[in-house]
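K.L.:
For reference, the structure I am asking about is given below.
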Amino acid sequence: MTSRLGKPDTPADITLRNRLEENGTRHFIMIAGAGSGKTTSLIKALNYLKQSRGNQMHQSGQKVACITYTEVAVDEISGDVGHDPLFHVSTIHSFLWSIIKPFQSDLYDWVRNRLLEKINEAQAKIDKPRTRETTRVKERENIARYQVQLEEIKSVEHFTYSTGSDYAKGILGHSDILKLGPSLIREYPLMRTVVAQRFPVIFVDESQDTIADFVDSLKVLAANVSQEFCLGFFGDPLQKIYMTGIGDITSDDNWEVIKKPENFRCPISVLNVINKIRFEADGLHQTRGRMVDVNGELVSVQGTARLFILPADGLRAQRLQGVREWLSQENEDPLWLSDEDIGDVRMLVIVHRIAASRLGFPNLYSSLNDGAPDNLSTGVIDGSAWIVRPFLRYILPLIHASRRKDEFQVIKLLRQYCPRLDPERLIAQQDIATELALLETYITEMDEMLADGNNVNIGDMVTFLAANELAELDERFNAVIESYALGIPVPENTIENSPLRFMQCQAMELWGYQKYIEIQSPFSTQQGIKGAEFDRVLVVIDDEESTANSFSYGKYLGLTPLSDTDRENIDNGRDSVVDRTRRLFYVCCSRAVKDLAVVIFCDDVNSTYRIVSEKGYFELGDIHRLGI
């Protein structure tokens, strides 16, 4: 276990420990605001279970399941608990696969029914009077492919799990697991019994961003097994960023809601801002703030929190630099001007566009954002979109490893992602050395495709990967590869042609995109930094630069009128653009460890100054109008 255990207990930690000691129902929901040390509370709870029940659970072959949102979080929590085998720490996908993979006959039935559903959905599109003829042709081709797969799955002996699905080969993808797992938990009592016996305690981290279907299935599990089972959610509804997340989780009878209001990250000036933002939502008032040891005494850090209002013109980049120069001089802090890690400066933009232009992936960004479906426009923000995942997780790291001659990492990535090195295939392979030599040639060819100045398109790379069986690609690539091969021009931004536009981008743009996603530049999206913290945070508010309808700072701050739909959503208590933007703003501002600066680009500086001043988030003396 890590040093988190040495930190003093908060009242929430004590309450949670007492809850875990109780007889009968022990289910709980912990609401922990930004900077509260949610992970510390989680680790403390896991340690308590190890001390109180570890030996008993080991003897019974049981584990504590800890489900979190990303692989990065899995590694962090696993390290915090010392990689103890008592704890099964995994993502939602991995957890679900671990519990459903023994139920192979049920998997076959689900896949068959899923293909029949896809056929019906495609036929419904064809039957709509307003459907375009090109769409009808595409859907007829889809139906033919699904019917072939219905026949092919009859010969599948065992289903496995990978990034993308290929039913004919018995491969289930990410999206399949998210649908299939919760369905089996809800519908089969035996499944619930097996899960509860194997994992008598299940903790869900970042619960606000967990899909509702999975949360509901776990609550069904909790309501239908013995009282020995314990389900706990750790999260914060106001830090829900992703549209697919459930947000607030309602407590059922006999559940306990534990609130953790402390904030150990933000200085007082920033804490005051985020409390005013939060007051409009759930009213949770965060306390304490960041403190430092001065001669053996803990002293509060004041920090700074300022708002800058600038004209929205063609000089945005220069004006942002001017704000950084102003902050550097006013704070007597030259690191505000640094783009290196030592400066720990993070500029948070609402969309990728500013960063995309600067880092060299403007076309890639546009293809997956402008007129793109929600799963791509949302997924391009954090790198989770199915169409970019093979490059970020496999191809680009593979080329990086090859260029630095890291043979161990090359083989590791190939074994993990390359179908040609599948163990069963290797057994049948007569000459493994020849296969490895061939893979080395393929890697060299991919390296050349990704070289600076090369005009190879992403579509050429995807076609190369598919033709040579170098990656297990999501089945959605099949139709896109076919369209790309036809050389179809893309004259406009529409939902249907977004993947094809991506394929027609130059492959070398992937490097800038990777640099951005992996936070190797001073830019980040506001949606992509939840959980992170930085000494110096500069939040850029510029609705004109955004094409996303999910967020609008203009509507949130009262600068732009609400639509009828907005008012209807607000009146009926549904999630609205105002709610989503408030949460985003809270997450952004609460990243600051030392200084916070918010920049608003607007058409009318004086009018914006008056309206924003009345909101009261920032002290009047900390609101500045520059460049007018």
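Following the order of the structure tokens, first chain is A, next is B, and so on, with residues numbered from 1 inside each chain and ligands from 1 in the order they appear.
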So which residues touch Leu298 in chain A within 12 Å, counting only C-alpha atoms, skipping near sequence neighbours fewer than 5 positions away, as a ChimeraX atom specification?

P.N.:
/A:288-293

K.L.:
Could the residues in this selection be saved with N, CA and C atoms as a CSV table (one decimal), in the first residue's frame?

P.N.:
```
chain,number,residue,atom,x,y,z
A,288,ARG,N,-11.6,23.8,3.5
A,288,ARG,CA,-10.1,23.6,3.8
A,288,ARG,C,-9.3,24.3,2.8
A,289,GLY,N,-9.1,23.8,1.6
A,289,GLY,CA,-8.2,24.4,0.6
A,289,GLY,C,-6.8,23.9,0.8
A,290,ARG,N,-5.9,24.2,-0.1
A,290,ARG,CA,-4.6,23.7,-0.1
A,290,ARG,C,-3.8,24.4,1.0
A,291,MET,N,-3.0,23.6,1.8
A,291,MET,CA,-2.2,24.2,2.9
A,291,MET,C,-0.8,23.7,2.8
A,292,VAL,N,0.1,24.5,3.2
A,292,VAL,CA,1.6,24.1,3.2
A,292,VAL,C,2.1,24.2,4.6
A,293,ASP,N,3.2,23.5,4.9
A,293,ASP,CA,3.8,23.5,6.2
A,293,ASP,C,4.8,24.6,6.3
```

K.L.:
Mind running range 172-270 of chain A against range 98-120 of chain A at 9 Å and telling me each contacting residue's nearest atom pair with the distance in Å (one decimal), counting only C-alpha atoms, chain and number ascending, as JSON lines?

P.N.:
```
{"residue": "A:Leu172", "atom": "CA", "partner": "A:Val111", "partner_atom": "CA", "distance": 8.6}
{"residue": "A:Asp176", "atom": "CA", "partner": "A:Val111", "partner_atom": "CA", "distance": 8.6}
{"residue": "A:Ile177", "atom": "CA", "partner": "A:Ile100", "partner_atom": "CA", "distance": 8.9}
{"residue": "A:Leu180", "atom": "CA", "partner": "A:Trp110", "partner_atom": "CA", "distance": 7.2}
{"residue": "A:Gly181", "atom": "CA", "partner": "A:Ile100", "partner_atom": "CA", "distance": 6.5}
{"residue": "A:Leu184", "atom": "CA", "partner": "A:Ile100", "partner_atom": "CA", "distance": 7.8}
{"residue": "A:Ile185", "atom": "CA", "partner": "A:Ile100", "partner_atom": "CA", "distance": 8.9}
{"residue": "A:Met191", "atom": "CA", "partner": "A:Ile100", "partner_atom": "CA", "distance": 8.1}
{"residue": "A:Val194", "atom": "CA", "partner": "A:Ile99", "partner_atom": "CA", "distance": 8.3}
{"residue": "A:Val195", "atom": "CA", "partner": "A:Ile99", "partner_atom": "CA", "distance": 6.8}
```

K.L.:
Please determine, counting only C-alpha atoms, which residue among A:Ser90, A:Gln59, A:Glu151, A:Trp255 has the shortest atom-to-atom distance to Gly24 in chain A.

P.N.:
A:Trp255

K.L.:
Please provide as a list in words all residues within 10 Å of Ile399 in chain A, with the sequence filter that same-chain residues fewer than 4 positions apart are discarded (counting only C-alpha atoms).

P.N.:
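Returned residues: Tyr394, Ile395, Arg403, Arg404, Lys405, Asp406, Val410, Ile443, Thr444, Met446, Asp447, Glu448 and Leu450 of chain A.
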
K.L.:
Give me, as a PyMOL selection string, all polymer residues having an atom no more than 6 Å from Gly232 in chain A, counting only C-alpha atoms and skipping those fewer than 2 positions away in the same chain.

P.N.:
chain A and resi 27-29+203

K.L.:
For the residues in the current selection, export N, CA, C and O atoms as a PDB file, in the first residue's frame.

P.N.:
```pdb
ATOM      1  N   HIS A  27     -24.429  -1.104   1.391  1.00  0.00           N
ATOM      2  CA  HIS A  27     -24.237  -0.354   0.146  1.00  0.00           C
ATOM      3  C   HIS A  27     -24.134   1.139   0.441  1.00  0.00           C
ATOM      4  O   HIS A  27     -24.779   1.655   1.367  1.00  0.00           O
ATOM      5  N   PHE A  28     -23.331   1.845  -0.360  1.00  0.00           N
ATOM      6  CA  PHE A  28     -23.123   3.267  -0.108  1.00  0.00           C
ATOM      7  C   PHE A  28     -22.784   3.999  -1.397  1.00  0.00           C
ATOM      8  O   PHE A  28     -22.404   3.395  -2.411  1.00  0.00           O
ATOM      9  N   ILE A  29     -22.928   5.317  -1.334  1.00  0.00           N
ATOM     10  CA  ILE A  29     -22.500   6.220  -2.404  1.00  0.00           C
ATOM     11  C   ILE A  29     -21.658   7.310  -1.758  1.00  0.00           C
ATOM     12  O   ILE A  29     -22.151   8.028  -0.877  1.00  0.00           O
ATOM     13  N   PHE A 203     -16.506  -2.162  -5.666  1.00  0.00           N
ATOM     14  CA  PHE A 203     -16.402  -0.704  -5.634  1.00  0.00           C
ATOM     15  C   PHE A 203     -16.335  -0.194  -7.076  1.00  0.00           C
ATOM     16  O   PHE A 203     -15.626  -0.766  -7.907  1.00  0.00           O
TER      17      PHE A 203
END
```

K.L.:
Excluding Asn331 in chain A and any residue of its chain fewer than 2 positions from it, enumerate the residues within 12 Å of it, using only C-alpha atoms, and give them as a list in words.

P.N.:
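Contacts, in chain order: Gly303, Thr304, Ala305, Arg306, Val323, Arg324, Glu325, Trp326, Leu327, Ser328, Gln329, Asp333, Pro334, Leu335, Trp336, Leu337, Arg536, Lys594, Asp595, Leu596 and Ala597 of chain A.
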
K.L.:
Residues as selected, N, CA and C atoms, written as a PDB file, in the first residue's frame, can you do that?

P.N.:
```
ATOM      1  N   GLY A 303      -3.050  31.891  -3.332  1.00  0.00           N
ATOM      2  CA  GLY A 303      -3.115  31.727  -4.778  1.00  0.00           C
ATOM      3  C   GLY A 303      -3.805  32.898  -5.453  1.00  0.00           C
ATOM      4  N   THR A 304      -4.071  32.770  -6.740  1.00  0.00           N
ATOM      5  CA  THR A 304      -4.784  33.817  -7.479  1.00  0.00           C
ATOM      6  C   THR A 304      -5.836  33.198  -8.383  1.00  0.00           C
ATOM      7  N   ALA A 305      -6.907  33.944  -8.615  1.00  0.00           N
ATOM      8  CA  ALA A 305      -7.976  33.529  -9.527  1.00  0.00           C
ATOM      9  C   ALA A 305      -8.460  34.773 -10.256  1.00  0.00           C
ATOM     10  N   ARG A 306      -8.179  34.841 -11.556  1.00  0.00           N
ATOM     11  CA  ARG A 306      -8.491  36.052 -12.321  1.00  0.00           C
ATOM     12  C   ARG A 306      -9.288  35.709 -13.574  1.00  0.00           C
ATOM     13  N   VAL A 323      -1.856  37.550 -22.250  1.00  0.00           N
ATOM     14  CA  VAL A 323      -2.348  37.245 -20.904  1.00  0.00           C
ATOM     15  C   VAL A 323      -1.269  36.532 -20.104  1.00  0.00           C
ATOM     16  N   ARG A 324      -0.577  35.602 -20.729  1.00  0.00           N
ATOM     17  CA  ARG A 324       0.492  34.893 -20.023  1.00  0.00           C
ATOM     18  C   ARG A 324       1.621  35.844 -19.634  1.00  0.00           C
ATOM     19  N   GLU A 325       1.925  36.788 -20.518  1.00  0.00           N
ATOM     20  CA  GLU A 325       2.958  37.777 -20.181  1.00  0.00           C
ATOM     21  C   GLU A 325       2.498  38.664 -19.026  1.00  0.00           C
ATOM     22  N   TRP A 326       1.216  39.046 -19.034  1.00  0.00           N
ATOM     23  CA  TRP A 326       0.660  39.873 -17.945  1.00  0.00           C
ATOM     24  C   TRP A 326       0.743  39.117 -16.620  1.00  0.00           C
ATOM     25  N   LEU A 327       0.361  37.844 -16.629  1.00  0.00           N
ATOM     26  CA  LEU A 327       0.398  37.043 -15.407  1.00  0.00           C
ATOM     27  C   LEU A 327       1.822  36.841 -14.918  1.00  0.00           C
ATOM     28  N   SER A 328       2.740  36.641 -15.854  1.00  0.00           N
ATOM     29  CA  SER A 328       4.129  36.452 -15.481  1.00  0.00           C
ATOM     30  C   SER A 328       4.676  37.684 -14.762  1.00  0.00           C
ATOM     31  N   GLN A 329       4.309  38.855 -15.290  1.00  0.00           N
ATOM     32  CA  GLN A 329       4.797  40.095 -14.688  1.00  0.00           C
ATOM     33  C   GLN A 329       4.084  40.399 -13.378  1.00  0.00           C
ATOM     34  N   ASP A 333       6.303  35.742 -11.803  1.00  0.00           N
ATOM     35  CA  ASP A 333       6.437  34.299 -11.996  1.00  0.00           C
ATOM     36  C   ASP A 333       6.760  34.015 -13.464  1.00  0.00           C
ATOM     37  N   PRO A 334       8.031  33.895 -13.816  1.00  0.00           N
ATOM     38  CA  PRO A 334       8.416  33.673 -15.221  1.00  0.00           C
ATOM     39  C   PRO A 334       7.923  32.340 -15.786  1.00  0.00           C
ATOM     40  N   LEU A 335       7.566  31.401 -14.919  1.00  0.00           N
ATOM     41  CA  LEU A 335       7.122  30.096 -15.403  1.00  0.00           C
ATOM     42  C   LEU A 335       5.775  30.158 -16.128  1.00  0.00           C
ATOM     43  N   TRP A 336       5.034  31.265 -15.973  1.00  0.00           N
ATOM     44  CA  TRP A 336       3.798  31.419 -16.735  1.00  0.00           C
ATOM     45  C   TRP A 336       4.088  31.459 -18.242  1.00  0.00           C
ATOM     46  N   LEU A 337       5.323  31.746 -18.616  1.00  0.00           N
ATOM     47  CA  LEU A 337       5.687  31.831 -20.024  1.00  0.00           C
ATOM     48  C   LEU A 337       6.326  30.556 -20.546  1.00  0.00           C
ATOM     49  N   ARG A 536      -0.464  26.032 -12.824  1.00  0.00           N
ATOM     50  CA  ARG A 536      -0.989  27.219 -13.497  1.00  0.00           C
ATOM     51  C   ARG A 536      -2.005  26.788 -14.557  1.00  0.00           C
ATOM     52  N   LYS A 594      -2.118  26.387  -7.944  1.00  0.00           N
ATOM     53  CA  LYS A 594      -1.482  27.647  -7.556  1.00  0.00           C
ATOM     54  C   LYS A 594      -2.250  28.857  -8.096  1.00  0.00           C
ATOM     55  N   ASP A 595      -2.361  28.956  -9.419  1.00  0.00           N
ATOM     56  CA  ASP A 595      -3.012  30.111 -10.044  1.00  0.00           C
ATOM     57  C   ASP A 595      -4.032  29.663 -11.082  1.00  0.00           C
ATOM     58  N   LEU A 596      -5.136  30.399 -11.140  1.00  0.00           N
ATOM     59  CA  LEU A 596      -6.184  30.162 -12.132  1.00  0.00           C
ATOM     60  C   LEU A 596      -6.412  31.442 -12.929  1.00  0.00           C
ATOM     61  N   ALA A 597      -6.470  31.309 -14.244  1.00  0.00           N
ATOM     62  CA  ALA A 597      -6.829  32.432 -15.115  1.00  0.00           C
ATOM     63  C   ALA A 597      -7.877  31.935 -16.104  1.00  0.00           C
TER      64      ALA A 597
END
```

K.L.:
Considering only C-alpha atoms, can you say which of A:Lys63, A:Ala124, A:Thr163, A:Ile309 comes closest to Ile202 in chain A?

P.N.:
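Looking at the shortest contact to Ile202 in chain A, the residue is A:Lys63.
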
K.L.:
Write down as number ranges by chain the residues of range 3-149 of chain A whose backbone DSSP state falls under alpha helix (DSSP H).

P.N.:
A: 11-21, 38-60, 71-80, 92-100, 104-127, 133-149

K.L.:
Identify which of the residues A:Val273, A:Ser590, A:Glu141, A:Ala281 lies closest to Gly573 in chain A, counting only C-alpha atoms when measuring atom-to-atom distances.

P.N.:
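Closest residue, counting only C-alpha atoms: A:Ala281.
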
K.L.:
Based on DSSP run over this structure's backbone, return all residues of range 271-497 of chain A in strand (DSSP E or B), as a count of residues only.

P.N.:
24
